[in-house]
Amino acid sequence: MFHKRAGSRGFTLIELLVVIAIIAILAAILFPVFAQVRAKGLQTQCLSNLKQIAMATSMYVQDYEDTFPISSYASSQNGSPCFFGIDTALGPYTKNAAIWHCPVDPTAVDIRAGALSNFGLPLCAVGTSPGRDSGYVSYLVNQAIVTVGNPNPLFVYGGAYFGAPVVKLSQIDFSADTAVIYDASLTGLTAGCNFDSLVAPRHRGIANVTWADGHAKAVKTEPTQQTCPSNDGKQTLQEYDVADAGPYRGKTTLTGIPFKNPDGSWGLR
């Protein structure tokens, strides 16, 4: 027979409540830490995507006589016309359409909304990956660097081409300070809002960016009072200003080629 030891007893209700309270306090302390660790991991994955895109851009520039790719034009695959974008241009170097998707917001921009509605073209495939068929990207370009080119048959008005000519790396005086591709959202053209590639701080106020010299790093942002509808009209986008010192400080987009004024201040062209 088993005998109960003298003095042995179970937990009292108060003791159980104390243990539960301690566990709750520990959870309240640790869960935010876990959330921060997870967010940092997602930012690191996003930055890795952009590092690969930065390397691909540098290889493209080397292969095409110091020239950056253009952002969009009409091409053809298997005898059919299709919309050829920056991700398609870099496809032979990246070999992976998935790197254009930030893990925090992989469907940030629907390219099909522009390609199909504006130009009536399906999307060209990217490299050897079928991922382009989704039509979504999370990163957009500095339109002063990755231009639409001129002439470009997609951009004709009144019988004349419009747009900006291609840009060469040698035209950029401050390549380490010149953004090329970044975490972004696309706004629609409405009253008070331009058709812009807004910087999107998806990583707790931080946005990841590639730069013209081939490196990738993050910039800090701060919210503004302005909001705009997304290009597909499905959501309202908060505008953010770049908070870091440099040519884009106070800007909601990483657009423009930096230069220095005589007094040493930054300007953009």
# chains A, B, ... in the order shown; residues from 1 in each chain; ligands from 1
call {"tool": "residues_around", "arguments": {"residues": "stretch 220-236 of chain A", "least_positions_apart": "3", "cutoff": "6 Å", "atoms": "only C-alpha atoms", "output": "mmCIF file with C-alpha atoms, in the first residue's frame"}}
result
data_model
loop_
_atom_site.group_PDB
_atom_site.id
_atom_site.type_symbol
_atom_site.label_atom_id
_atom_site.label_comp_id
_atom_site.auth_asym_id
_atom_site.auth_seq_id
_atom_site.Cartn_x
_atom_site.Cartn_y
_atom_site.Cartn_z
ATOM 1 C CA LEU A 186 2.584 53.069 -55.771
ATOM 2 C CA THR A 187 -0.011 55.826 -55.445
ATOM 3 C CA GLY A 188 -2.791 56.752 -57.831
ATOM 4 C CA GLY A 205 9.907 52.685 -39.636
ATOM 5 C CA ILE A 206 12.793 51.483 -41.808
ATOM 6 C CA GLU A 239 3.220 59.045 -46.701
ATOM 7 C CA TYR A 240 6.592 59.009 -44.949
ATOM 8 C CA ASP A 241 9.579 61.342 -45.167
ATOM 9 C CA VAL A 242 13.140 60.062 -45.222
ATOM 10 C CA ALA A 243 14.640 60.968 -41.831
ATOM 11 C CA ASP A 244 18.303 60.150 -42.479
#
call {"tool": "select_by_dssp", "arguments": {"residues": "stretch 231-262 of chain A", "states": "strand (DSSP E or B)", "output": "PyMOL selection string"}}
result
chain A and resi 236-242+249+258-260
call {"tool": "write_last_selection", "arguments": {"atoms": "N, CA and C atoms", "output": "mmCIF file, in the first residue's frame"}}
result
data_model
loop_
_atom_site.group_PDB
_atom_site.id
_atom_site.type_symbol
_atom_site.label_atom_id
_atom_site.label_comp_id
_atom_site.auth_asym_id
_atom_site.auth_seq_id
_atom_site.Cartn_x
_atom_site.Cartn_y
_atom_site.Cartn_z
ATOM 1 N N THR A 236 -5.500 52.822 -48.606
ATOM 2 C CA THR A 236 -4.994 54.180 -48.422
ATOM 3 C C THR A 236 -3.574 54.088 -47.882
ATOM 4 N N LEU A 237 -2.670 54.825 -48.502
ATOM 5 C CA LEU A 237 -1.254 54.758 -48.156
ATOM 6 C C LEU A 237 -0.846 55.975 -47.329
ATOM 7 N N GLN A 238 -0.149 55.726 -46.241
ATOM 8 C CA GLN A 238 0.435 56.789 -45.431
ATOM 9 C C GLN A 238 1.746 57.244 -46.072
ATOM 10 N N GLU A 239 1.953 58.544 -46.192
ATOM 11 C CA GLU A 239 3.220 59.045 -46.701
ATOM 12 C C GLU A 239 4.233 59.165 -45.570
ATOM 13 N N TYR A 240 5.490 58.894 -45.899
ATOM 14 C CA TYR A 240 6.592 59.009 -44.949
ATOM 15 C C TYR A 240 7.715 59.824 -45.573
ATOM 16 N N ASP A 241 8.380 60.622 -44.750
ATOM 17 C CA ASP A 241 9.579 61.342 -45.167
ATOM 18 C C ASP A 241 10.820 60.555 -44.769
ATOM 19 N N VAL A 242 11.849 60.625 -45.594
ATOM 20 C CA VAL A 242 13.140 60.062 -45.222
ATOM 21 C C VAL A 242 13.708 60.906 -44.085
ATOM 22 N N ARG A 249 16.690 63.439 -47.623
ATOM 23 C CA ARG A 249 16.087 63.806 -46.339
ATOM 24 C C ARG A 249 14.859 64.695 -46.563
ATOM 25 N N PRO A 258 21.448 62.949 -56.961
ATOM 26 C CA PRO A 258 21.989 63.951 -56.042
ATOM 27 C C PRO A 258 23.157 64.754 -56.642
ATOM 28 N N PHE A 259 23.259 66.015 -56.217
ATOM 29 C CA PHE A 259 24.424 66.849 -56.505
ATOM 30 C C PHE A 259 24.651 67.756 -55.313
ATOM 31 N N LYS A 260 25.803 68.384 -55.275
ATOM 32 C CA LYS A 260 26.120 69.284 -54.172
ATOM 33 C C LYS A 260 26.063 70.731 -54.648
#
call {"tool": "residues_around", "arguments": {"residues": "A:Val180", "least_positions_apart": "3", "cutoff": "6 Å", "atoms": "only C-alpha atoms", "output": "list of chain:residue names"}}
result
A:Val141, A:Asn142, A:Thr210, A:Trp211, A:Ala212
call {"tool": "atom_distance", "arguments": {"atom1": "atom CA of A:Val219", "atom2": "atom CA of A:Thr190"}}
result
27.5 Å
call {"tool": "select_by_dssp", "arguments": {"residues": "stretch 13-234 of chain A", "states": "alpha helix (DSSP H)", "output": "ChimeraX atom specification"}}
result
/A:13-63,86-89,91-94,111-114
call {"tool": "closest_atom_pairs", "arguments": {"of": "stretch 136-223 of chain A", "to": "stretch 37-54 of chain A", "cutoff": "7 Å", "atoms": "only C-alpha atoms", "output": "Markdown table"}}
result
| residue | atom | partner | partner_atom | distance |
| --- | --- | --- | --- | --- |
| A:His203 | CA | A:Gln43 | CA | 5.9 |
| A:Asn208 | CA | A:Leu47 | CA | 5.9 |
| A:Val209 | CA | A:Leu50 | CA | 6.9 |
| A:Thr210 | CA | A:Ala54 | CA | 5.6 |
| A:Gly214 | CA | A:Ala54 | CA | 5.1 |
| A:His215 | CA | A:Ala54 | CA | 6.2 |
| A:Ala216 | CA | A:Lys51 | CA | 5.3 |
call {"tool": "atom_distance", "arguments": {"atom1": "atom CA of A:Asp177", "atom2": "atom CA of A:Gly267"}}
result
11.7 Å
call {"tool": "residues_around", "arguments": {"residues": "A:Gly256", "least_positions_apart": "5", "cutoff": "9 Å", "atoms": "only C-alpha atoms", "output": "list in words"}}
result
Asn142, Gln143, Ala144, Ile145, Thr178, Ala179, Pro247, Tyr248, Gly267, Leu268 and Arg269 of chain A
call {"tool": "residues_around", "arguments": {"residues": "stretch 78-83 of chain A", "least_positions_apart": "5", "cutoff": "8 Å", "atoms": "only C-alpha atoms", "output": "PyMOL selection string"}}
result
chain A and resi 72-73+115+121-124
call {"tool": "atom_distance", "arguments": {"atom1": "atom CA of A:Arg204", "atom2": "atom CA of A:Thr57"}}
result
26.8 Å
call {"tool": "closest_residue", "arguments": {"among": "A:Thr67, A:Thr88, A:Ser185, A:Ser265", "to": "A:Asp105", "atoms": "only C-alpha atoms"}}
result
A:Ser185
call {"tool": "decode", "arguments": {"residues": "stretch 82-221 of chain A", "atoms": "C-alpha atoms", "output": "PDB file, in the first residue's frame"}}
result
ATOM      1  CA  CYS A  82       4.429  41.480 -73.531  1.00  0.00           C
ATOM      2  CA  PHE A  83       5.278  44.127 -70.946  1.00  0.00           C
ATOM      3  CA  PHE A  84       8.999  44.146 -70.083  1.00  0.00           C
ATOM      4  CA  GLY A  85       9.872  45.764 -66.749  1.00  0.00           C
ATOM      5  CA  ILE A  86      12.946  46.288 -64.598  1.00  0.00           C
ATOM      6  CA  ASP A  87      12.498  42.889 -62.958  1.00  0.00           C
ATOM      7  CA  THR A  88      12.403  41.294 -66.409  1.00  0.00           C
ATOM      8  CA  ALA A  89      15.535  43.156 -67.477  1.00  0.00           C
ATOM      9  CA  LEU A  90      17.412  41.887 -64.431  1.00  0.00           C
ATOM     10  CA  GLY A  91      15.915  38.378 -64.691  1.00  0.00           C
ATOM     11  CA  PRO A  92      18.942  36.840 -66.459  1.00  0.00           C
ATOM     12  CA  TYR A  93      21.088  37.948 -63.503  1.00  0.00           C
ATOM     13  CA  THR A  94      18.738  37.174 -60.606  1.00  0.00           C
ATOM     14  CA  LYS A  95      17.158  33.972 -61.997  1.00  0.00           C
ATOM     15  CA  ASN A  96      14.525  34.309 -59.294  1.00  0.00           C
ATOM     16  CA  ALA A  97      11.394  36.445 -59.428  1.00  0.00           C
ATOM     17  CA  ALA A  98      10.720  35.768 -55.730  1.00  0.00           C
ATOM     18  CA  ILE A  99      13.412  38.238 -54.637  1.00  0.00           C
ATOM     19  CA  TRP A 100      11.114  41.067 -55.784  1.00  0.00           C
ATOM     20  CA  HIS A 101       8.731  40.190 -52.946  1.00  0.00           C
ATOM     21  CA  CYS A 102       9.362  41.678 -49.493  1.00  0.00           C
ATOM     22  CA  PRO A 103       8.217  39.084 -46.918  1.00  0.00           C
ATOM     23  CA  VAL A 104       6.341  41.802 -45.004  1.00  0.00           C
ATOM     24  CA  ASP A 105       4.279  42.916 -48.029  1.00  0.00           C
ATOM     25  CA  PRO A 106       4.820  40.647 -51.064  1.00  0.00           C
ATOM     26  CA  THR A 107       1.805  42.048 -52.949  1.00  0.00           C
ATOM     27  CA  ALA A 108       2.529  45.747 -52.436  1.00  0.00           C
ATOM     28  CA  VAL A 109       2.335  46.750 -56.107  1.00  0.00           C
ATOM     29  CA  ASP A 110       0.260  45.044 -58.795  1.00  0.00           C
ATOM     30  CA  ILE A 111       2.179  45.557 -62.048  1.00  0.00           C
ATOM     31  CA  ARG A 112      -0.722  44.146 -64.022  1.00  0.00           C
ATOM     32  CA  ALA A 113      -2.879  47.100 -63.020  1.00  0.00           C
ATOM     33  CA  GLY A 114      -0.556  49.340 -65.034  1.00  0.00           C
ATOM     34  CA  ALA A 115       0.605  46.988 -67.774  1.00  0.00           C
ATOM     35  CA  LEU A 116      -2.820  45.665 -68.680  1.00  0.00           C
ATOM     36  CA  SER A 117      -4.928  48.777 -68.168  1.00  0.00           C
ATOM     37  CA  ASN A 118      -2.489  51.306 -69.650  1.00  0.00           C
ATOM     38  CA  PHE A 119      -0.774  49.283 -72.356  1.00  0.00           C
ATOM     39  CA  GLY A 120      -2.973  46.238 -72.893  1.00  0.00           C
ATOM     40  CA  LEU A 121      -0.016  43.868 -72.562  1.00  0.00           C
ATOM     41  CA  PRO A 122       0.502  40.708 -70.497  1.00  0.00           C
ATOM     42  CA  LEU A 123       3.662  40.499 -68.413  1.00  0.00           C
ATOM     43  CA  CYS A 124       6.876  39.041 -69.810  1.00  0.00           C
ATOM     44  CA  ALA A 125       8.381  36.190 -67.789  1.00  0.00           C
ATOM     45  CA  VAL A 126      11.397  36.880 -65.567  1.00  0.00           C
ATOM     46  CA  GLY A 127      14.460  34.767 -66.251  1.00  0.00           C
ATOM     47  CA  THR A 128      13.733  31.096 -65.621  1.00  0.00           C
ATOM     48  CA  SER A 129      11.288  31.680 -62.779  1.00  0.00           C
ATOM     49  CA  PRO A 130       7.500  31.477 -63.160  1.00  0.00           C
ATOM     50  CA  GLY A 131       7.045  33.731 -60.111  1.00  0.00           C
ATOM     51  CA  ARG A 132       6.533  36.782 -62.348  1.00  0.00           C
ATOM     52  CA  ASP A 133       3.119  35.425 -63.283  1.00  0.00           C
ATOM     53  CA  SER A 134       1.821  36.728 -59.951  1.00  0.00           C
ATOM     54  CA  GLY A 135       2.253  40.278 -61.236  1.00  0.00           C
ATOM     55  CA  TYR A 136       3.231  41.601 -57.803  1.00  0.00           C
ATOM     56  CA  VAL A 137       6.409  43.316 -56.615  1.00  0.00           C
ATOM     57  CA  SER A 138       7.398  45.084 -53.394  1.00  0.00           C
ATOM     58  CA  TYR A 139      10.146  47.333 -54.771  1.00  0.00           C
ATOM     59  CA  LEU A 140      10.050  50.273 -57.169  1.00  0.00           C
ATOM     60  CA  VAL A 141      12.702  52.388 -58.855  1.00  0.00           C
ATOM     61  CA  ASN A 142      14.231  55.833 -58.674  1.00  0.00           C
ATOM     62  CA  GLN A 143      12.666  57.091 -61.899  1.00  0.00           C
ATOM     63  CA  ALA A 144      15.520  59.538 -62.480  1.00  0.00           C
ATOM     64  CA  ILE A 145      17.952  56.580 -62.685  1.00  0.00           C
ATOM     65  CA  VAL A 146      15.818  53.778 -64.117  1.00  0.00           C
ATOM     66  CA  THR A 147      13.944  55.840 -66.699  1.00  0.00           C
ATOM     67  CA  VAL A 148      11.370  54.912 -69.338  1.00  0.00           C
ATOM     68  CA  GLY A 149      13.895  55.790 -72.027  1.00  0.00           C
ATOM     69  CA  ASN A 150      13.371  57.905 -75.093  1.00  0.00           C
ATOM     70  CA  PRO A 151      12.242  56.882 -77.645  1.00  0.00           C
ATOM     71  CA  ASN A 152       9.930  54.282 -76.168  1.00  0.00           C
ATOM     72  CA  PRO A 153       6.894  53.115 -78.184  1.00  0.00           C
ATOM     73  CA  LEU A 154       4.895  52.710 -74.969  1.00  0.00           C
ATOM     74  CA  PHE A 155       5.154  56.422 -74.265  1.00  0.00           C
ATOM     75  CA  VAL A 156       3.874  58.387 -77.241  1.00  0.00           C
ATOM     76  CA  TYR A 157       1.654  61.470 -77.147  1.00  0.00           C
ATOM     77  CA  GLY A 158       0.532  63.410 -80.206  1.00  0.00           C
ATOM     78  CA  GLY A 159       2.824  61.360 -82.409  1.00  0.00           C
ATOM     79  CA  ALA A 160       5.922  62.256 -80.370  1.00  0.00           C
ATOM     80  CA  TYR A 161       7.841  60.190 -77.837  1.00  0.00           C
ATOM     81  CA  PHE A 162       8.104  61.480 -74.295  1.00  0.00           C
ATOM     82  CA  GLY A 163      10.167  60.349 -71.372  1.00  0.00           C
ATOM     83  CA  ALA A 164      13.757  60.602 -70.198  1.00  0.00           C
ATOM     84  CA  PRO A 165      16.813  59.097 -71.920  1.00  0.00           C
ATOM     85  CA  VAL A 166      18.748  56.255 -70.307  1.00  0.00           C
ATOM     86  CA  VAL A 167      21.233  57.090 -67.553  1.00  0.00           C
ATOM     87  CA  LYS A 168      24.876  56.012 -67.332  1.00  0.00           C
ATOM     88  CA  LEU A 169      26.704  55.317 -64.091  1.00  0.00           C
ATOM     89  CA  SER A 170      29.362  57.843 -65.136  1.00  0.00           C
ATOM     90  CA  GLN A 171      26.695  60.573 -64.985  1.00  0.00           C
ATOM     91  CA  ILE A 172      26.266  60.012 -61.232  1.00  0.00           C
ATOM     92  CA  ASP A 173      28.709  61.957 -59.068  1.00  0.00           C
ATOM     93  CA  PHE A 174      27.635  60.490 -55.718  1.00  0.00           C
ATOM     94  CA  SER A 175      26.856  56.847 -56.472  1.00  0.00           C
ATOM     95  CA  ALA A 176      26.961  55.729 -52.819  1.00  0.00           C
ATOM     96  CA  ASP A 177      24.276  58.329 -52.012  1.00  0.00           C
ATOM     97  CA  THR A 178      22.055  57.694 -55.056  1.00  0.00           C
ATOM     98  CA  ALA A 179      19.075  55.389 -54.512  1.00  0.00           C
ATOM     99  CA  VAL A 180      18.085  52.999 -57.306  1.00  0.00           C
ATOM    100  CA  ILE A 181      15.468  50.482 -56.062  1.00  0.00           C
ATOM    101  CA  TYR A 182      13.672  50.527 -52.719  1.00  0.00           C
ATOM    102  CA  ASP A 183      10.791  49.400 -50.488  1.00  0.00           C
ATOM    103  CA  ALA A 184       7.903  51.297 -52.045  1.00  0.00           C
ATOM    104  CA  SER A 185       4.193  51.618 -52.641  1.00  0.00           C
ATOM    105  CA  LEU A 186       2.584  53.069 -55.771  1.00  0.00           C
ATOM    106  CA  THR A 187      -0.011  55.826 -55.445  1.00  0.00           C
ATOM    107  CA  GLY A 188      -2.791  56.752 -57.831  1.00  0.00           C
ATOM    108  CA  LEU A 189      -3.147  60.142 -59.491  1.00  0.00           C
ATOM    109  CA  THR A 190      -5.877  61.983 -57.582  1.00  0.00           C
ATOM    110  CA  ALA A 191      -6.532  65.453 -56.199  1.00  0.00           C
ATOM    111  CA  GLY A 192      -3.616  66.307 -53.921  1.00  0.00           C
ATOM    112  CA  CYS A 193      -1.667  63.162 -54.839  1.00  0.00           C
ATOM    113  CA  ASN A 194       0.787  62.505 -57.644  1.00  0.00           C
ATOM    114  CA  PHE A 195       1.495  59.212 -59.386  1.00  0.00           C
ATOM    115  CA  ASP A 196       4.483  58.388 -57.164  1.00  0.00           C
ATOM    116  CA  SER A 197       6.613  55.567 -55.788  1.00  0.00           C
ATOM    117  CA  LEU A 198       6.297  56.339 -52.081  1.00  0.00           C
ATOM    118  CA  VAL A 199       8.960  55.052 -49.737  1.00  0.00           C
ATOM    119  CA  ALA A 200       7.384  52.268 -47.649  1.00  0.00           C
ATOM    120  CA  PRO A 201       8.941  51.742 -44.195  1.00  0.00           C
ATOM    121  CA  ARG A 202       7.745  48.177 -43.769  1.00  0.00           C
ATOM    122  CA  HIS A 203      10.304  47.331 -41.114  1.00  0.00           C
ATOM    123  CA  ARG A 204       9.283  49.320 -38.029  1.00  0.00           C
ATOM    124  CA  GLY A 205       9.907  52.685 -39.636  1.00  0.00           C
ATOM    125  CA  ILE A 206      12.793  51.483 -41.808  1.00  0.00           C
ATOM    126  CA  ALA A 207      12.890  50.992 -45.586  1.00  0.00           C
ATOM    127  CA  ASN A 208      15.509  48.964 -47.450  1.00  0.00           C
ATOM    128  CA  VAL A 209      17.241  50.525 -50.456  1.00  0.00           C
ATOM    129  CA  THR A 210      19.776  49.661 -53.178  1.00  0.00           C
ATOM    130  CA  TRP A 211      22.305  52.319 -54.181  1.00  0.00           C
ATOM    131  CA  ALA A 212      24.037  53.109 -57.455  1.00  0.00           C
ATOM    132  CA  ASP A 213      27.457  51.895 -56.292  1.00  0.00           C
ATOM    133  CA  GLY A 214      25.996  48.386 -55.813  1.00  0.00           C
ATOM    134  CA  HIS A 215      25.417  48.211 -52.065  1.00  0.00           C
ATOM    135  CA  ALA A 216      22.145  47.930 -50.139  1.00  0.00           C
ATOM    136  CA  LYS A 217      21.267  49.510 -46.802  1.00  0.00           C
ATOM    137  CA  ALA A 218      18.248  50.787 -44.881  1.00  0.00           C
ATOM    138  CA  VAL A 219      16.985  54.329 -44.291  1.00  0.00           C
ATOM    139  CA  LYS A 220      14.875  55.616 -41.421  1.00  0.00           C
ATOM    140  CA  THR A 221      11.597  57.447 -41.982  1.00  0.00           C
TER     141      THR A 221
END
